[in-house]
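The structure appears right after this line, and notes come after that.
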Amino acid sequence: MTQTTQTTQARAAAESAGPGTAGEGALPGPAGDDGAGRGGGEECEAQEAALILAQTRASVDPEMRRAVEALPGSIRRVARYHFGWEHADGTPAAGNGGKAVRPALVLAAARALGGRAERAVRAAAAVELTHNFTLLHDDVMDRDATRRHRPTAWTVFGDADAILTGDALQAQALRLLAEDAHPAAPAAAARLAACVVELCAGQSTDVALEGRDPRAVSLAETLTMAEAKTGALLGCACAIGGLYAGAGQEEAAALDAFGRAAGLAFQLIDDVIGIWGDPARTGKPAGADLAVRKKSLPVVAALASGGPAAEELAALYGPPGPGKEGEAELEAIAMAVERAGGRDWAQARAADEMARALDQLARAVPVPEEAGGLLSLAEFVTRRGY
């Protein structure tokens with residue numbers, strides 16, 4: 001497959017992310033993924049991504065469970081619940097702990113550069129533990145009540161236990177790397193620690209934006225925030241996988257840039273889903289982002305578009321009602337965002353980011369066939385169902 005073909009497919013993947021598109025929650029795959037597959041080449045690519053994710057989960061889960069089992073009892077209980085391994089009462093559960101995209105990127109990057117993926121399993125687990133630390137903390141700060149189709153940890157165990165469990169998962173992530181004998185482990189630990197600082201900066205900006213007048217929020221700062229919150233860890237995962245395969249500085253930087261761009265494409269589509277997503281697939285109420293007046297990328301782009309539609313949206317996007325807005329009110333806001341061009345802009349920008357990601361991937365992995373796993377995962381995260 002040529003790089004031109006890869007770019008064309010990626011653009012089509014992002015641009016097709018609209019109502020009825022098969023995607024997250026709709027791929028035949030691991031950990032409870034369900035729904036109809038897609039035909040032709042898309043179906044093959046979906047199956048490849050599902051296989052990669054299933055294999056990743058099978059290899060990384062034992063490391064994850066060992067890390068969690070090493071935690072103190074009360075924190076261990078919250079972690080088991082968060083990962084879907086137990087119900088709130090402590091009885092076993094068969095729920096999923098996420099799709100394992102980030103650890104899959106670690107292993108796929110290692111393979112793409114000719115490394116042995118099995119030697120990077122601990123690093124992959126460290127990345128996934130870090131991701132889940134951020135989820136636990138973000139849910140508390142954002143007051144999100146649902147994740148992975150069930151109550152979030154803080155709603156079940158309280159803020160303090162959820163925060164402390166997140167802290168413990170982050171510590172375990174760095175411990176895995178500190179105890180790893182692989183020569184790339186110190187560099188990976190340093191990169192992951194720097195990534196956590198960037199993640200925190202992104203979340204801090206996100207929280208600050210929520211208190212500002214929506215018309216005073218610029219698109220540029222929202223894009224920067226989104227890259228820090230989402231793209232940084234995806235880029236870090238790719239770079240760490242490269243380091244474990246002996247990547248040089250330039251290769252690691254290109255892998256990082258690939259993951260960041262794919263992550264931003266993911267966030268753009270995720271923000272679209274946050275407004276127009278199907279609750280049966282997302283696990284969150286319809287219009288959840290609008291209900292709390294989230295400064296998501298489609299909203300900010302719509303507000304910045306100018307014209308009557310933007311003014312209409314600005315009038316509607318004042319302080320949210322205290323839990324009293326019904327579906328009709330939220331649907332009116334969603335329609336205003338769409339009329340002002342927010343949805344079209346987000347989907348087009350996602351396609352552009354995927355093209356940028358693939359340009360960077362070609363720099364790190366010049367032979368397209370060797371980059372197949374990374375490409376499949378990048379397309380997976382931007383083909384998401386509504």
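If you're wondering about the labels, chains in the structure tokens are A, B, ... by order shown, residues count from 1 in each chain, ligands from 1 in order shown.
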Can you tell me, as a list in words, which residues in range 20-209 of chain A count as strand (DSSP E) by DSSP?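 The strand (DSSP E) residues within range 20-209 of chain A come out as Thr146, Arg147, Arg150 and Pro151 of chain A.
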I want to know what sits within 12 Å of Leu234 in chain A, based on only C-alpha atoms, with residues of the same chain fewer than 3 positions away left out; could you give that as a ChimeraX atom specification? /A:100-106,109,124,127-128,130-131,192,195-196,199,227-231,237-241,255-267,357,374,377-378,381
Show me, as a VMD selection string, the residues that have an atom within 7 Å of range 155-170 of chain A when counting only C-alpha atoms, minus same-chain residues fewer than 4 positions from it. chain A and resid 75 78 to 79 129 to 130 133 to 134 136 to 137 140 145 151 174
For those residues, write all heavy atoms to a file as a JSON list (two decimals), in the first residue's frame.
[["chain", "number", "residue", "atom", "x", "y", "z"],
["A", 75, "ILE", "N", -7.76, 0.73, 47.84],
["A", 75, "ILE", "CA", -7.45, 1.30, 46.53],
["A", 75, "ILE", "C", -7.57, 0.22, 45.46],
["A", 75, "ILE", "O", -8.06, 0.48, 44.35],
["A", 75, "ILE", "CB", -6.04, 1.91, 46.54],
["A", 75, "ILE", "CG1", -6.01, 3.10, 47.49],
["A", 75, "ILE", "CG2", -5.61, 2.32, 45.14],
["A", 75, "ILE", "CD1", -4.64, 3.72, 47.66],
["A", 78, "VAL", "N", -11.20, -0.15, 44.30],
["A", 78, "VAL", "CA", -11.65, 0.89, 43.37],
["A", 78, "VAL", "C", -11.07, 0.65, 41.98],
["A", 78, "VAL", "O", -11.76, 0.78, 40.97],
["A", 78, "VAL", "CB", -11.26, 2.29, 43.88],
["A", 78, "VAL", "CG1", -11.73, 3.36, 42.90],
["A", 78, "VAL", "CG2", -11.86, 2.55, 45.26],
["A", 79, "ALA", "N", -9.80, 0.27, 41.94],
["A", 79, "ALA", "CA", -9.15, 0.02, 40.64],
["A", 79, "ALA", "C", -9.81, -1.14, 39.93],
["A", 79, "ALA", "O", -10.06, -1.09, 38.71],
["A", 79, "ALA", "CB", -7.67, -0.24, 40.84],
["A", 129, "LEU", "N", -1.87, 2.23, 32.32],
["A", 129, "LEU", "CA", -2.11, 2.65, 33.69],
["A", 129, "LEU", "C", -2.16, 4.18, 33.78],
["A", 129, "LEU", "O", -2.99, 4.75, 34.49],
["A", 129, "LEU", "CB", -1.02, 2.10, 34.61],
["A", 129, "LEU", "CG", -1.07, 0.59, 34.88],
["A", 129, "LEU", "CD1", 0.21, 0.14, 35.57],
["A", 129, "LEU", "CD2", -2.29, 0.23, 35.74],
["A", 130, "THR", "N", -1.27, 4.83, 33.08],
["A", 130, "THR", "CA", -1.26, 6.30, 33.07],
["A", 130, "THR", "C", -2.55, 6.84, 32.49],
["A", 130, "THR", "O", -3.15, 7.79, 33.02],
["A", 130, "THR", "CB", -0.05, 6.81, 32.25],
["A", 130, "THR", "OG1", 1.15, 6.35, 32.88],
["A", 130, "THR", "CG2", -0.05, 8.33, 32.18],
["A", 133, "PHE", "N", -5.25, 6.54, 35.06],
["A", 133, "PHE", "CA", -5.09, 7.55, 36.11],
["A", 133, "PHE", "C", -5.78, 8.85, 35.68],
["A", 133, "PHE", "O", -6.50, 9.49, 36.46],
["A", 133, "PHE", "CB", -3.60, 7.75, 36.42],
["A", 133, "PHE", "CG", -3.11, 9.16, 36.46],
["A", 133, "PHE", "CD1", -3.50, 10.03, 37.47],
["A", 133, "PHE", "CD2", -2.24, 9.64, 35.48],
["A", 133, "PHE", "CE1", -3.04, 11.35, 37.50],
["A", 133, "PHE", "CE2", -1.77, 10.93, 35.51],
["A", 133, "PHE", "CZ", -2.18, 11.80, 36.51],
["A", 134, "THR", "N", -5.58, 9.25, 34.42],
["A", 134, "THR", "CA", -6.20, 10.50, 33.95],
["A", 134, "THR", "C", -7.71, 10.37, 33.89],
["A", 134, "THR", "O", -8.43, 11.34, 34.19],
["A", 134, "THR", "CB", -5.66, 10.91, 32.57],
["A", 134, "THR", "OG1", -6.11, 10.00, 31.56],
["A", 134, "THR", "CG2", -4.14, 10.97, 32.56],
["A", 136, "LEU", "N", -9.71, 8.55, 35.82],
["A", 136, "LEU", "CA", -10.24, 8.64, 37.18],
["A", 136, "LEU", "C", -10.29, 10.09, 37.66],
["A", 136, "LEU", "O", -11.28, 10.55, 38.24],
["A", 136, "LEU", "CB", -9.41, 7.79, 38.13],
["A", 136, "LEU", "CG", -9.68, 6.28, 38.05],
["A", 136, "LEU", "CD1", -8.51, 5.50, 38.64],
["A", 136, "LEU", "CD2", -10.98, 5.93, 38.79],
["A", 137, "HIS", "N", -9.21, 10.82, 37.41],
["A", 137, "HIS", "CA", -9.16, 12.22, 37.85],
["A", 137, "HIS", "C", -10.10, 13.10, 37.03],
["A", 137, "HIS", "O", -10.80, 13.96, 37.58],
["A", 137, "HIS", "CB", -7.73, 12.74, 37.75],
["A", 137, "HIS", "CG", -6.85, 12.26, 38.87],
["A", 137, "HIS", "ND1", -5.65, 12.84, 39.18],
["A", 137, "HIS", "CD2", -7.00, 11.24, 39.76],
["A", 137, "HIS", "CE1", -5.10, 12.22, 40.21],
["A", 137, "HIS", "NE2", -5.90, 11.23, 40.56],
["A", 140, "VAL", "N", -13.74, 12.92, 38.09],
["A", 140, "VAL", "CA", -14.03, 13.69, 39.30],
["A", 140, "VAL", "C", -14.15, 15.17, 38.96],
["A", 140, "VAL", "O", -15.11, 15.84, 39.37],
["A", 140, "VAL", "CB", -12.93, 13.47, 40.36],
["A", 140, "VAL", "CG1", -13.14, 14.41, 41.55],
["A", 140, "VAL", "CG2", -12.92, 12.03, 40.84],
["A", 145, "ALA", "N", -20.72, 11.19, 35.34],
["A", 145, "ALA", "CA", -21.34, 10.15, 36.16],
["A", 145, "ALA", "C", -21.29, 8.77, 35.52],
["A", 145, "ALA", "O", -21.57, 7.78, 36.19],
["A", 145, "ALA", "CB", -22.80, 10.51, 36.45],
["A", 151, "PRO", "N", -21.72, 3.47, 36.25],
["A", 151, "PRO", "CA", -21.34, 4.63, 37.07],
["A", 151, "PRO", "C", -19.83, 4.75, 37.22],
["A", 151, "PRO", "O", -19.11, 3.76, 37.35],
["A", 151, "PRO", "CB", -22.01, 4.34, 38.41],
["A", 151, "PRO", "CG", -23.18, 3.48, 38.07],
["A", 151, "PRO", "CD", -22.71, 2.61, 36.94],
["A", 174, "LEU", "N", 4.95, 4.26, 36.63],
["A", 174, "LEU", "CA", 6.37, 4.63, 36.67],
["A", 174, "LEU", "C", 7.20, 3.53, 37.33],
["A", 174, "LEU", "O", 8.36, 3.31, 36.97],
["A", 174, "LEU", "CB", 6.54, 5.96, 37.40],
["A", 174, "LEU", "CG", 5.95, 7.16, 36.64],
["A", 174, "LEU", "CD1", 6.08, 8.43, 37.47],
["A", 174, "LEU", "CD2", 6.62, 7.34, 35.28]]
So how many Å separate CA of Pro214 in chain A and CA of Glu198 in chain A, to one decimal?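 Between CA of Pro214 in chain A and CA of Glu198 in chain A the gap is 23.7 Å.
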Provide the CA of Glu118 in chain A to CA of Val367 in chain A distance in Å, to one decimal place.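 About the pair CA of Glu118 in chain A and CA of Val367 in chain A: they are 22.0 Å apart.
Across the model, the gap from CA of Leu358 in chain A to CA of Ala54 in chain A is 23.8 Å.
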Within range 48-248 of chain A, find each residue whose DSSP state, derived from the backbone, is helix (DSSP H, G or I), and express the selection as a ChimeraX atom specification. /A:48-69,73-82,101-112,117-142,153-157,159-178,185-210,214-216,219-244
